[in-house]
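As structure tokens, the structure follows; a few thoughts come after it.
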Amino acid sequence: MSELKVPTMAEMMASGKQPDVLFWVGCAGSFDDRAKKITRAFVKILNKAGINFAVLGTEESCTGDPAKRAGNEFLFQMQAMGNIQILNAYEIKSIVTTCPHCFNTLKNEYPELGGDYEVKHHSQFLQELINEGKLTVEGGSFKGKKITFHDPCYLGRANDVYEAPRVLIEKLDAELVEMKRCKSKGLCCGAGGAQMFKEAEKGGKEINVERTEEAMEVKPDIIATGCPFCMTMMTDGVKIKEKETEVKVYDLAEMIAEANDL
Amino acid sequence: MNISIIAFAVLILVSIGLFAKNAKTIIRNINLGKDLDRNDNKGGRFKLMLKVAMGQSKMQARPIVGILHFVVYAGFVIINIEVLEIVLDGLLGTHRLFSPLGSLYNFLISTFEILAFLVLVACVIFLIRRNVIRIKRFLSPEMEGWPKTDANLILIVEVLLMSAFLLMNVADAQLQVFGSEHYPQVGSFVISGMFDGVFSGFSESGLIVFERSLWWFHIVGIFAFLNYLPYSKHFHILLAFPNVFYSKLTPKGQLPNMAAVKKEVEIMFDPNADPYAAPPETVGEPERFGAKDVQDLNWKQLMDAYTCTECGRCTDVCPANITGKDLSPRKILMDTRDRLEEVGKGIDKNGKDYDDGKSLLGDYIKEEELLACTSCNACTEACPVNNDPLSVIVDLRQYLIMEESKAPAGWTGMLTNIENNGAPWQFAQADRLNWKDEE
């Protein structure tokens with residue numbers, strides 16, 4: 001079974017240790033079956049690179065992002081304050097997360113409420129590991145594959161992170177092909193603003209279908225993304241278009257892990 | 001001559017006075033919004049204004065229209081130097097007051113003529129785009145009626161003003177040939193010079209009447225246009241600058257934390273707080289959570305609404321709108337402005353506490369529109385004047401959820417789950433680490 005080493009903060013504290021970085025798993029990464037694979041892939045990389053990290057485990061709770069975007073500021077701040085109390089009690093300084101929504105909220109909205117941390121998205125973190133020589137990536141099975149990157153709104157436009165994901169794809173010796181609407185002009189997958197948790201409003205088309213069709217236009221082997229919600233939307237989109245045999249949807253962490261035979 | 005000087009002076013005073021009055025009303029309306037501090041980082045804000053408002057950097061995302069728009073804008077600003085001469089001529093009873101500048105004068109007027117010609121061409125292209133090519137984003141439902149007429153009026157007036165300016169110079173050149181009194185020998189200019197001689201068949205007196213009519217048409221037109229601005233989307237030529245200066249500088253994804261909520265939550269988390277203490281005294285009326293009407297928005301959001309020039313770049317990139325949902329970020333800001341105008345007029349008529357029983361949410365913007373937003377920030381990224389329609393959507397959502405407890409079924413479940421088990425889905429918090437042992 002599991003060979004993953006996943007120390008919790010509680011265990012760290014009990015043995016008088018402090019991690020260099022906290023891995024914020026997020027709700028999707030903890031509970032969504034597809035997103036859990038991303039979580040495990042990222043941990044495999046952390047283990048391989050020998051990173052001194054920990055998770056909050058059962059002490060982690062929703063950052064409050066969907067509540068805030070839906071308009072429930074009260075619930076958001078309750079969640080935020082609760083999380084900040086725990087993070088501050090553990091004297092967390094640095095956080096990495098595989099979810100751009102958690103990333104945005106922790107990085108931008110927590111400081112004013114008393115939670116000031118250095119927060120990175122896993123694409124930035126992985127790029128740093130490679131730059132520092134702690135992680136080497138060879139193309140492996142992705143060599144020469146046509147990969148298009150779907151920019152998550154909360155990573156791209158919301159926080160201007162466009163390069164790190166693309167650098168990772170290039171490290172895989174893959175051919176990066178851009179969709180017509182990419183980077184700051186990237187089209188949303190349809191999940192943001194708490195849309196993930198409700199039926200879409202009435203309209204002519206689902207947003208994820210629109211985006212998937214756009215991705216199909218560049219005839220990719222793989223649609224890559226860096227967000228568990230984009231993952232759900234794009235995977236569903238590919239299924240609706242009945243292309244799941246030709247086109248795979250992967251998170252950046254999964255590709256890096258697989259290229260390293262992890 | 002004296003009568004025309006007096007008439008001219010009256011024209012200037014009346015138009016500037018009227019404009020000042022209408023501008024004051026708009027400033028008053030903007031100040032109906034709630035406080036917001038945007039005075040930090042003045043240097044950075046100034047630079048941003050130079051880049052985005054003056055340099056029109058975001059317009060260049062669509063290069064052809066971007067360049068045409070820049071031509072119209074630069075032409076408009078630079079040709080105003082010529083208007084200075086025209087105004088002084090009008091007040092002093094002179095003609096071509098600056099002509100003693102000699103060859104510099106010819107250079108300047110020729111430059112203005114080239115610009116006027118380019119502005120004219122650009123405006124004709126813009127009219128074609130709107131009315132012949134019928135570009136999709138100009139045909140949305142919110143553009144029907146006045147907004148469409150407004151856009152065409154602006155373009156037609158600019159075409160007429162530029163034509164009058166050029167034609168006036170053609171007539172002037174012929175009058176110089178006639179050796180008319182009051183028309184200094186400045187020679188012909190680069191564009192109007194191409195039409196030298198077309199008026200040679202006119203009588204001198206007839207041509208003087210024609211030239212004077214164009215001169216008056218041009219300058220009255222300019223003052224009329226100035227006074228049209230406060231009633232038009234074209235007001236963006238003024239508000240774009242302060243609007244960009246006061247834009248949001250924090251990352252696009254960052255939503256502000258509500259201060260009123262923060263106070264309450266802090267008390268709940270304070271172990272030393274007395275649970276039986278009387279609630280903290282609030283000064284004045286208790287604050288409403290979120291926004292129901294325009295006065296619940298902040299002044300910057302209201303300035304956004306007045307700055308919006310209805311170009312529709314926001315709506316054009318909105319994923320909800322693209323897929324046929326009932327949301328147009330442009331409409332959100334147009335509604336905000338229309339409602340604010342209505343509130344302002346109500347106040348002018350009936351005093352400042354007047355309540356007409358209507359509100360932005362409900363009477364102008366429907367719930368479905370708000371619920372369709374994915375908060376993706378495509379609209380704020382696309383806006384050439386850094387408007388933030390998303391912030392209005394979020395504030396209205398806050399009112400729906402926090403004051404009216406209105407949420408679609410999915411959200412009710414999501415919110416309950418977060419409250420009960422710290423995740424948007426119904427999974428126990430105790431199971432949060434189970435992924436570690438699954439494969």
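In the structure tokens, each chain is lettered A, B, ... as it comes, each chain's residues begin at 1, and ligands are numbered from 1 in order of appearance.
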- Task: Do me a favour and pick out the residues of chain B within 7 Å of chain A, using only C-alpha atoms, as JSON, numbers by chain.
- Result: {"B": [251, 252, 253, 254, 255, 261, 262, 265, 319, 323, 324, 325, 368, 372, 373, 374, 375, 376, 377, 378, 394, 397, 398, 401, 402, 408, 410, 411, 414, 415, 418, 422, 423, 429, 430, 431, 432, 433, 435, 436, 437]}
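In the backbone-derived DSSP annotation, strand (DSSP E or B) within stretch 8-247 of chain A comprises Thr8, Val21, Leu22, Phe23, Trp24, Phe53, Ala54, Val55, Ser94, Ile95, Val96, Thr97, Glu118, Val119, Lys120, His121, Lys146, Ile147, Thr148, Phe149, Glu175, Leu176, Ile222, Ile223, Ala224 and Thr225 of chain A.
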Could you produce a table of the residues of stretch 330-393 of chain B lying within 10 Å of stretch 294-313 of chain B, with the nearest pair of atoms per residue and their separation in Å rounded to one decimal, using only C-alpha atoms, ordered by chain and increasing residue number, as a Markdown table?
```
| residue | atom | partner | partner_atom | distance |
| --- | --- | --- | --- | --- |
| B:Arg330 | CA | B:Gly312 | CA | 5.9 |
| B:Lys331 | CA | B:Glu310 | CA | 8.5 |
| B:Ile332 | CA | B:Ala305 | CA | 8.6 |
| B:Leu333 | CA | B:Ala305 | CA | 4.9 |
| B:Met334 | CA | B:Ala305 | CA | 6.2 |
| B:Asp335 | CA | B:Ala305 | CA | 8.2 |
| B:Thr336 | CA | B:Ala305 | CA | 6.0 |
| B:Arg337 | CA | B:Ala305 | CA | 4.9 |
| B:Asp338 | CA | B:Ala305 | CA | 8.6 |
| B:Arg339 | CA | B:Val294 | CA | 7.1 |
| B:Leu340 | CA | B:Val294 | CA | 6.1 |
| B:Glu341 | CA | B:Tyr306 | CA | 9.6 |
| B:Val343 | CA | B:Val294 | CA | 8.3 |
| B:Ser359 | CA | B:Val294 | CA | 7.6 |
| B:Leu360 | CA | B:Val294 | CA | 6.3 |
| B:Leu361 | CA | B:Val294 | CA | 9.0 |
| B:Ala378 | CA | B:Arg313 | CA | 9.4 |
| B:Cys379 | CA | B:Arg313 | CA | 7.3 |
| B:Thr380 | CA | B:Arg313 | CA | 9.5 |
| B:Glu381 | CA | B:Arg313 | CA | 9.5 |
| B:Ala382 | CA | B:Arg313 | CA | 5.9 |
| B:Cys383 | CA | B:Arg313 | CA | 6.3 |
| B:Pro384 | CA | B:Arg313 | CA | 8.2 |
| B:Val385 | CA | B:Thr307 | CA | 7.6 |
| B:Asn386 | CA | B:Asp304 | CA | 8.2 |
| B:Asn387 | CA | B:Asp304 | CA | 5.3 |
| B:Asp388 | CA | B:Asp304 | CA | 7.0 |
| B:Pro389 | CA | B:Gln301 | CA | 7.9 |
| B:Leu390 | CA | B:Gln301 | CA | 10.0 |
| B:Ser391 | CA | B:Gln301 | CA | 7.7 |
| B:Val392 | CA | B:Gln301 | CA | 7.0 |
```
- Message: Neighbouring residues of A:Ile169 were defined as those with any atom within 12 Å, considering only C-alpha atoms; residues of the same chain fewer than 4 positions away were excluded. Please report them as a VMD selection string.
- Response: chain A and resid 123 126 to 127 137 to 139 142 to 150 162 to 165 173 to 178 222 to 226 250 to 256 259
- Could you pull out the residues in stretch 121-310 of chain B that DSSP calls helix (DSSP H, G or I) from the backbone, as a ChimeraX atom specification? /B:121-131,136-138,141-143,146-178,192-195,204-231,233-245,259-269,294-296,299-307
- Show which residues sit within 12 Å of B:Ser213, as a PyMOL selection string. Count only C-alpha atoms, and ignore same-chain residues fewer than 3 positions away. chain B and resi 164-165+167-168+171-172+206-210+216-221
Go ahead and dump the residues you just picked, C-alpha atoms, as an mmCIF file, in the first residue's frame.
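Final file, out-v9.cif:
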```cif
data_model
loop_
_atom_site.group_PDB
_atom_site.id
_atom_site.type_symbol
_atom_site.label_atom_id
_atom_site.label_comp_id
_atom_site.auth_asym_id
_atom_site.auth_seq_id
_atom_site.Cartn_x
_atom_site.Cartn_y
_atom_site.Cartn_z
ATOM 1 C CA ALA B 164 -16.264 72.029 -40.569
ATOM 2 C CA PHE B 165 -12.697 72.694 -39.432
ATOM 3 C CA LEU B 167 -13.845 73.172 -44.915
ATOM 4 C CA MET B 168 -13.429 76.436 -43.025
ATOM 5 C CA ALA B 171 -12.897 78.763 -47.692
ATOM 6 C CA ASP B 172 -10.316 80.827 -45.806
ATOM 7 C CA GLY B 206 -21.080 84.865 -50.043
ATOM 8 C CA LEU B 207 -17.912 83.020 -49.140
ATOM 9 C CA ILE B 208 -17.388 85.192 -46.047
ATOM 10 C CA VAL B 209 -20.873 84.209 -44.841
ATOM 11 C CA PHE B 210 -20.063 80.571 -45.598
ATOM 12 C CA TRP B 216 -19.529 79.387 -35.682
ATOM 13 C CA PHE B 217 -20.796 75.875 -36.371
ATOM 14 C CA HIS B 218 -17.425 74.493 -35.364
ATOM 15 C CA ILE B 219 -17.022 76.406 -32.131
ATOM 16 C CA VAL B 220 -20.691 76.175 -31.064
ATOM 17 C CA GLY B 221 -20.438 72.481 -31.893
#
```
- Message: I'd like the neighbourhood of A:Ser94 as a ChimeraX atom specification, where a residue qualifies if any of its atoms comes within 12 Å (using only C-alpha atoms), though same-chain residues fewer than 5 positions away should be ignored.
- Response: /A:18-24,52-55,87-88,103,106-107,115-121,125
